[in-house]
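The structure file work.txt is reproduced below (compact mmCIF, C-alpha atoms and all ligand atoms).
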```txt
# COMPACT_ATOMS: atom_id res chain seq x y z
CA MET C 1 -8.24 -19.73 -13.16
CA THR C 2 -10.77 -17.50 -14.90
CA GLN C 3 -11.18 -17.53 -18.66
CA LEU C 4 -9.40 -14.19 -18.82
CA GLU C 5 -6.50 -15.53 -16.77
CA ALA C 6 -6.29 -18.52 -19.12
CA VAL C 7 -6.02 -16.15 -22.09
CA LEU C 8 -3.34 -14.12 -20.31
CA ALA C 9 -1.37 -17.26 -19.45
CA THR C 10 -1.47 -18.34 -23.09
CA GLY C 11 -0.24 -14.89 -24.08
CA ALA C 12 2.70 -15.20 -21.68
CA ALA C 13 3.81 -18.29 -23.59
CA GLY C 14 5.00 -16.18 -26.47
CA VAL C 15 2.40 -14.02 -28.22
CA THR C 16 3.73 -10.45 -28.18
CA VAL C 17 0.35 -8.79 -27.75
CA GLY C 18 -0.50 -11.25 -24.98
CA ALA C 19 2.78 -10.49 -23.21
CA GLY C 20 1.93 -6.79 -23.35
CA ILE C 21 -1.45 -7.44 -21.78
CA LEU C 22 0.19 -9.67 -19.18
CA ALA C 23 2.66 -6.93 -18.21
CA TYR C 24 -0.26 -4.53 -17.81
CA ALA C 25 -2.24 -7.07 -15.79
CA VAL C 26 0.68 -7.80 -13.46
CA ARG C 27 1.94 -4.25 -12.78
CA ALA C 28 -0.43 -1.45 -13.88
CA PRO C 29 -1.99 0.33 -10.89
CA SER C 30 -5.28 0.61 -12.78
CA SER C 31 -5.46 -3.09 -13.74
CA SER C 32 -7.87 -5.49 -12.05
CA LEU C 33 -7.28 -8.31 -14.53
CA LEU C 34 -5.50 -10.69 -12.13
CA ALA C 35 -7.21 -9.60 -8.91
CA PRO C 36 -9.75 -6.91 -8.07
CA SER C 37 -8.14 -3.66 -6.91
CA VAL C 38 -8.75 0.07 -6.70
CA ASN C 39 -6.24 2.82 -7.35
CA LYS C 40 -8.25 5.90 -6.42
CA GLY C 41 -11.13 6.99 -4.24
CA VAL C 42 -14.25 9.00 -4.98
CA ALA C 43 -13.65 12.39 -6.58
CA THR C 44 -16.53 14.18 -4.85
CA ARG C 45 -14.51 15.26 -1.79
CA PRO C 46 -11.13 17.04 -1.53
CA ALA C 47 -9.74 13.99 0.27
CA ILE C 48 -6.43 12.13 -0.08
CA ALA C 49 -5.53 8.71 1.32
CA LEU C 50 -1.97 8.49 2.65
CA THR C 51 -0.73 4.90 2.62
CA PHE C 52 2.52 3.56 4.09
CA ASP C 53 3.96 0.18 3.09
CA ASP C 54 6.52 -2.27 4.52
CA GLY C 55 6.11 -1.37 8.21
CA PRO C 56 5.98 -1.48 11.05
CA SER C 57 9.56 -0.25 11.55
CA GLU C 58 11.56 1.50 14.24
CA SER C 59 10.64 4.83 12.56
CA THR C 60 6.87 4.28 12.47
CA GLY C 61 6.46 5.98 15.85
CA GLU C 62 7.91 9.22 14.51
CA LEU C 63 5.52 9.09 11.57
CA LEU C 64 2.58 8.53 13.96
CA GLU C 65 3.57 11.72 15.80
CA LEU C 66 3.57 13.71 12.56
CA LEU C 67 0.17 12.34 11.55
CA ALA C 68 -1.27 13.02 15.02
CA ALA C 69 0.02 16.59 14.97
CA HIS C 70 -2.12 17.22 11.87
CA GLY C 71 -5.07 15.01 12.85
CA ALA C 72 -4.38 12.95 9.72
CA PRO C 73 -5.65 9.36 9.57
CA ALA C 74 -3.71 7.01 7.27
CA THR C 75 -3.52 3.40 6.08
CA PHE C 76 -0.57 1.12 6.80
CA PHE C 77 0.08 -1.94 4.62
CA GLN C 78 2.13 -4.06 6.99
CA CYS C 79 4.20 -7.21 6.47
CA GLY C 80 3.45 -10.09 8.84
CA ALA C 81 7.15 -10.66 9.59
CA ASN C 82 7.57 -7.00 10.61
CA VAL C 83 4.50 -7.18 12.85
CA ARG C 84 6.00 -10.25 14.51
CA ARG C 85 9.29 -8.33 15.01
CA LEU C 86 7.67 -5.14 16.34
CA PRO C 87 4.23 -6.05 17.73
CA GLU C 88 4.10 -3.01 20.05
CA VAL C 89 4.52 -0.67 17.08
CA ALA C 90 1.75 -2.42 15.15
CA ARG C 91 -0.55 -2.09 18.17
CA HIS C 92 0.36 1.60 18.44
CA VAL C 93 -0.63 2.17 14.78
CA ALA C 94 -4.02 0.52 15.34
CA ALA C 95 -4.61 2.31 18.66
CA ALA C 96 -3.96 5.67 16.98
CA GLY C 97 -6.96 5.01 14.73
CA HIS C 98 -5.17 4.21 11.49
CA GLU C 99 -6.28 1.44 9.16
CA ILE C 100 -4.03 -1.61 8.78
CA GLY C 101 -3.86 -3.53 5.53
CA ASN C 102 -2.14 -6.79 4.53
CA HIS C 103 1.16 -6.53 2.57
CA THR C 104 1.97 -10.29 2.71
CA ASN C 105 4.06 -12.01 5.35
CA SER C 106 7.59 -11.81 3.87
CA HIS C 107 7.25 -9.29 0.99
CA PRO C 108 7.96 -11.71 -1.89
CA MET C 109 7.52 -10.89 -5.58
CA LEU C 110 4.32 -12.85 -6.34
CA HIS C 111 5.31 -13.18 -10.01
CA CYS C 112 5.50 -16.88 -11.03
CA LYS C 113 4.57 -18.15 -7.55
CA SER C 114 2.02 -20.94 -7.01
CA PRO C 115 -1.52 -20.19 -5.81
CA GLU C 116 -0.73 -22.12 -2.60
CA PHE C 117 2.33 -19.97 -1.92
CA ILE C 118 0.38 -16.77 -2.58
CA TYR C 119 -2.48 -17.82 -0.31
CA GLY C 120 -0.01 -18.85 2.42
CA GLU C 121 1.72 -15.45 2.35
CA LEU C 122 -1.57 -13.53 2.62
CA ALA C 123 -3.03 -15.85 5.27
CA ALA C 124 0.09 -15.71 7.48
CA ALA C 125 0.04 -11.89 7.46
CA GLN C 126 -3.70 -11.85 8.09
CA ASP C 127 -3.28 -14.12 11.14
CA ILE C 128 -0.44 -12.25 12.81
CA ILE C 129 -2.03 -8.82 12.22
CA ALA C 130 -5.36 -10.01 13.67
CA GLU C 131 -3.63 -11.69 16.61
CA THR C 132 -1.49 -8.60 17.36
CA THR C 133 -3.93 -5.72 16.78
CA GLY C 134 -7.27 -7.43 17.42
CA SER C 135 -8.70 -7.03 13.93
CA ALA C 136 -8.10 -8.67 10.58
CA PRO C 137 -7.40 -6.41 7.57
CA SER C 138 -9.90 -6.00 4.74
CA LEU C 139 -7.37 -4.37 2.38
CA PHE C 140 -4.40 -5.87 0.56
CA ARG C 141 -1.50 -4.34 -1.35
CA ALA C 142 0.75 -6.57 -3.44
CA PRO C 143 4.52 -6.23 -2.83
CA PHE C 144 6.09 -4.21 -5.70
CA GLY C 145 2.53 -3.82 -7.01
CA VAL C 146 2.93 -7.22 -8.73
CA ARG C 147 -0.20 -9.40 -9.04
CA TRP C 148 -0.21 -12.99 -10.25
CA PHE C 149 -2.53 -15.91 -11.00
CA GLY C 150 -4.07 -17.22 -7.80
CA LEU C 151 -4.15 -13.83 -6.10
CA ARG C 152 -7.81 -13.30 -7.00
CA ASP C 153 -8.78 -16.49 -5.22
CA ALA C 154 -6.55 -15.80 -2.19
CA GLN C 155 -8.04 -12.32 -1.76
CA GLN C 156 -11.54 -13.70 -2.08
CA ARG C 157 -10.97 -16.45 0.50
CA LEU C 158 -9.56 -13.94 3.00
CA GLY C 159 -12.05 -11.15 2.28
CA LEU C 160 -9.38 -8.75 1.03
CA ASN C 161 -9.85 -5.91 -1.45
CA GLY C 162 -6.78 -4.97 -3.48
CA VAL C 163 -5.45 -1.41 -3.25
CA MET C 164 -2.89 0.08 -5.62
CA TRP C 165 -2.15 3.85 -5.83
CA SER C 166 -2.68 6.94 -7.94
CA THR C 167 0.83 8.26 -7.11
CA LEU C 168 3.82 6.17 -6.08
CA ALA C 169 6.16 8.38 -4.03
CA LEU C 170 9.48 6.68 -5.01
CA ASP C 171 10.55 7.75 -1.51
CA TRP C 172 13.06 4.90 -1.31
CA LYS C 173 15.24 6.28 -4.13
CA TRP C 174 14.53 9.95 -4.75
CA PRO C 175 15.57 13.00 -2.64
CA ARG C 176 12.95 14.79 -0.55
CA GLU C 177 12.35 17.76 -2.92
CA ARG C 178 11.64 15.46 -5.83
CA VAL C 179 9.32 13.18 -3.83
CA LEU C 180 7.46 16.18 -2.44
CA HIS C 181 7.05 17.70 -5.90
CA ARG C 182 5.77 14.41 -7.30
CA LEU C 183 3.18 14.03 -4.56
CA LEU C 184 1.98 17.63 -4.78
CA ALA C 185 1.60 17.18 -8.54
CA GLY C 186 -0.53 14.08 -7.86
CA ALA C 187 -2.78 15.81 -5.33
CA SER C 188 -6.40 15.57 -6.47
CA ASN C 189 -9.75 14.49 -5.07
CA GLY C 190 -9.64 10.79 -4.23
CA ALA C 191 -5.87 10.42 -4.69
CA ILE C 192 -4.15 7.44 -3.05
CA PHE C 193 -0.48 8.13 -2.25
CA CYS C 194 1.93 5.26 -1.66
CA LEU C 195 4.87 5.93 0.69
CA HIS C 196 7.00 3.64 2.88
CA ASP C 197 7.61 3.47 6.63
CA GLY C 198 9.82 0.40 6.11
CA ARG C 199 12.03 -1.34 3.53
CA GLN C 200 10.66 -4.81 2.96
CA LEU C 201 11.84 -6.81 6.02
CA GLN C 202 14.89 -4.69 6.95
CA ALA C 203 15.43 -3.87 10.62
CA ARG C 204 16.02 -0.16 11.36
CA PRO C 205 15.52 0.98 7.73
CA ASP C 206 16.41 4.54 6.76
CA VAL C 207 13.06 6.18 5.96
CA SER C 208 14.24 9.74 6.67
CA VAL C 209 13.21 10.98 3.19
CA MET C 210 9.65 9.80 3.86
CA LEU C 211 9.57 11.52 7.27
CA GLU C 212 10.96 14.80 5.91
CA THR C 213 8.54 14.69 2.99
CA VAL C 214 5.48 14.03 5.17
CA ARG C 215 6.51 16.86 7.51
CA GLU C 216 6.21 19.33 4.61
CA LEU C 217 3.47 17.57 2.67
CA LEU C 218 0.73 17.57 5.31
CA PRO C 219 0.53 21.33 5.98
CA GLU C 220 0.91 22.09 2.26
CA LEU C 221 -1.98 19.83 1.25
CA MET C 222 -4.19 21.17 4.05
CA GLU C 223 -3.46 24.71 2.91
CA ARG C 224 -4.66 23.66 -0.55
CA GLY C 225 -7.97 22.53 0.97
CA PHE C 226 -7.42 18.77 1.18
CA HIS C 227 -8.16 16.55 4.15
CA PHE C 228 -7.06 12.96 4.78
CA GLU C 229 -9.10 9.76 4.85
CA ARG C 230 -8.30 6.09 5.41
CA VAL C 231 -8.57 3.96 2.26
CA SER C 232 -11.88 2.39 3.33
CA GLU C 233 -13.33 5.88 3.76
CA ILE C 234 -12.04 7.41 0.56
CA LEU C 235 -13.72 4.63 -1.44
CA CYS C 236 -17.09 5.41 0.11
CA PRO C 237 -19.30 7.81 -1.87
CA THR C 238 -21.53 8.73 1.08
CA LYS C 239 -19.01 9.66 3.75
CA ASN C 240 -19.60 13.17 5.16
ZN ZN Y 301 6.24 -3.15 -0.16
```
Write-out of the structure in structure tokens:
Amino acid sequence: MTQLEAVLATGAAGVTVGAGILAYAVRAPSSSLLAPSVNKGVATRPAIALTFDDGPSESTGELLELLAAHGAPATFFQCGANVRRLPEVARHVAAAGHEIGNHTNSHPMLHCKSPEFIYGELAAAQDIIAETTGSAPSLFRAPFGVRWFGLRDAQQRLGLNGVMWSTLALDWKWPRERVLHRLLAGASNGAIFCLHDGRQLQARPDVSVMLETVRELLPELMERGFHFERVSEILCPTKN
């Protein structure tokens, strides 16, 4: 535990100000207090990183077709258990040139979990993704965006950089028009959009709102002059 984490833990025990800081540290997309993370890329290029969480699912193939039709690379934060369920789909994502990140094995809320549990979840996902696709992720996204004590160390041991988002699509609860409007409003150089091609560990999840949104979003953003980059690229200041 770092000194900062010790202060935060003390705050959680009952000091109001400390609890406020803790809530920020645990959930805020811009916070790196509990584990290092980024929530946007460089602003020097009109680039946007599309990220998709909770896959692979039975609908990921349809999303891959949409992305391919627009030549759009993306980043997929996959759960180990879903990769184990649909290994062919995970391989298809990697073969299509997209980046694959770690989204834990079973999509637990990391809040209040032990460092051993947190490390185990990240390591299990890392292993199955590497075994299935041939390469281990270098990016991690926390389920529900919730970070906790011990995550910093787990990320460090596994060589994972945390990635949050600049706009969360809310594609699991809002209708298409509203999601589309929210994403277009968040379009800016270096933006990282968070959408979902799965629902935690559900088999055959309904991600039709995401698919309909992406179908309209891609041409609209391209018309506005944006192109798409994987997360590792959008963080790099020197990419051409
Ligand atoms: Zn998730």
* Within 7 Å of ligand ZN 301 (chain Y) (all atoms listed in the file), residues as a PyMOL selection string -> chain C and resi 53-54+103+107+143-144+200
Any chance you could tabulate, as a tab-separated table, the residues of region 51-97 of chain C at most 10 Å from region 116-130 of chain C with each one's nearest atom pair and distance in Å to one decimal, using all atoms listed in the file, in chain and rising number order?
```
residue	atom	partner	partner_atom	distance
C:Gln78	CA	C:Ala125	CA	8.1
C:Cys79	CA	C:Ala125	CA	6.3
C:Gly80	CA	C:Ala125	CA	4.1
C:Ala81	CA	C:Ala125	CA	7.5
C:Asn82	CA	C:Ala125	CA	9.5
C:Val83	CA	C:Ile129	CA	6.8
C:Arg84	CA	C:Ile128	CA	7.0
C:Pro87	CA	C:Ile129	CA	8.8
C:Ala90	CA	C:Ile129	CA	8.0
C:Arg91	CA	C:Ile129	CA	9.1
```
Can you tell me which residues surround region 30-37 of chain C at a distance of at most 10 Å, considering all atoms listed in the file, apart from same-chain residues fewer than 4 positions away, and format the answer as a tab-separated table (two decimals) with C-alpha atoms, keeping the file's coordinate frame?
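File produced: selection-v1.tsv:
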```tsv
chain	number	residue	atom	x	y	z
C	1	MET	CA	-8.24	-19.73	-13.16
C	2	THR	CA	-10.77	-17.50	-14.90
C	4	LEU	CA	-9.40	-14.19	-18.82
C	5	GLU	CA	-6.50	-15.53	-16.77
C	8	LEU	CA	-3.34	-14.12	-20.31
C	21	ILE	CA	-1.45	-7.44	-21.78
C	22	LEU	CA	0.19	-9.67	-19.18
C	24	TYR	CA	-0.26	-4.53	-17.81
C	25	ALA	CA	-2.24	-7.07	-15.79
C	26	VAL	CA	0.68	-7.80	-13.46
C	139	LEU	CA	-7.37	-4.37	2.38
C	140	PHE	CA	-4.40	-5.87	0.56
C	141	ARG	CA	-1.50	-4.34	-1.35
C	142	ALA	CA	0.75	-6.57	-3.44
C	146	VAL	CA	2.93	-7.22	-8.73
C	147	ARG	CA	-0.20	-9.40	-9.04
C	148	TRP	CA	-0.21	-12.99	-10.25
C	149	PHE	CA	-2.53	-15.91	-11.00
C	150	GLY	CA	-4.07	-17.22	-7.80
C	151	LEU	CA	-4.15	-13.83	-6.10
C	152	ARG	CA	-7.81	-13.30	-7.00
C	153	ASP	CA	-8.78	-16.49	-5.22
C	154	ALA	CA	-6.55	-15.80	-2.19
C	155	GLN	CA	-8.04	-12.32	-1.76
C	156	GLN	CA	-11.54	-13.70	-2.08
C	160	LEU	CA	-9.38	-8.75	1.03
C	161	ASN	CA	-9.85	-5.91	-1.45
C	162	GLY	CA	-6.78	-4.97	-3.48
C	163	VAL	CA	-5.45	-1.41	-3.25
C	164	MET	CA	-2.89	0.08	-5.62
C	165	TRP	CA	-2.15	3.85	-5.83
C	166	SER	CA	-2.68	6.94	-7.94
```
* Structure fact -> Of C:Pro115, C:Gly20, C:Pro175, C:Pro46, the one nearest to Glu229 (chain C) when counting only C-alpha atoms is C:Pro46
* Which residue of C:Ala49, C:Leu168, C:Leu201, C:Val231 approaches Pro108 (chain C) most closely, using all atoms listed in the file -> C:Leu201
* Exercise: residues within 12 Å of coordinate (-14.3, 5.8, 6.8), counting all atoms listed in the file, as a list in words ->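 The requested residues, written out, are Gly41, Ala47, Ala49, Pro73, Ala74, Thr75, Gly97, His98, Glu99, Phe228, Glu229, Arg230, Val231, Ser232, Glu233, Ile234, Leu235, Cys236, Pro237, Thr238, Lys239 and Asn240 of chain C.
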* Nearest residue to Val209 (chain C) from the set C:Phe76, C:Thr133, C:Glu62, C:Trp174 (distances using all atoms listed in the file) ->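 Nearest candidate to Val209 (chain C) out of C:Phe76, C:Thr133, C:Glu62, C:Trp174: C:Trp174.
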* Rounded to one decimal place, report the CA of Gly134 (chain C)-CA of Ala96 (chain C) distance in Å. =>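 Separation of CA of Gly134 (chain C) and CA of Ala96 (chain C): 13.5 Å.
Take the candidates C:Leu170, C:Leu211, C:Leu221, C:Ala94 and check each one against Arg182 (chain C) using all atoms listed in the file; the shortest distance goes to C:Leu170.
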* Of the candidates C:Ala68, C:Ala136, C:Leu86, C:Cys194, which one gets nearest to Gly101 (chain C) if we count all atoms listed in the file? -> C:Ala136
* Distance of CA of Gly55 (chain C) from CA of Pro205 (chain C), expressed in Å to one decimal place ->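 Rounded to one decimal, the two atoms are 9.7 Å apart.
Of the listed residues (C:Gly71, C:Gly159, C:Gly18, C:Gly198), C:Gly71 comes nearest to Pro219 (chain C); the distances count all atoms listed in the file.
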* Would you work out the distance separating CA of Asp206 (chain C) from CA of Ile100 (chain C), expressed in Å to one decimal? =>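 Spanning CA of Asp206 (chain C) to CA of Ile100 (chain C) is a straight-line distance of 21.4 Å.
The environment of Leu184 (chain C) within 10 Å, counting all atoms listed in the file and disregarding residues fewer than 3 places along the same chain, consists of Thr167, Arg178, Val179, Leu180, His181, Ala187, Ser188, Leu217, Glu220, Leu221 and Arg224 of chain C.
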Could you work out an axis-aligned bounding box for all listed atoms of region 202-220 of chain C, with 5 Å added on each of the six sides, and give its centre and edge lengths in Å to one decimal, as lines of an AutoDock Vina configuration file?
```
center_x = 8.5
center_y = 8.7
center_z = 6.8
size_x = 25.9
size_y = 36.8
size_z = 19.1
```
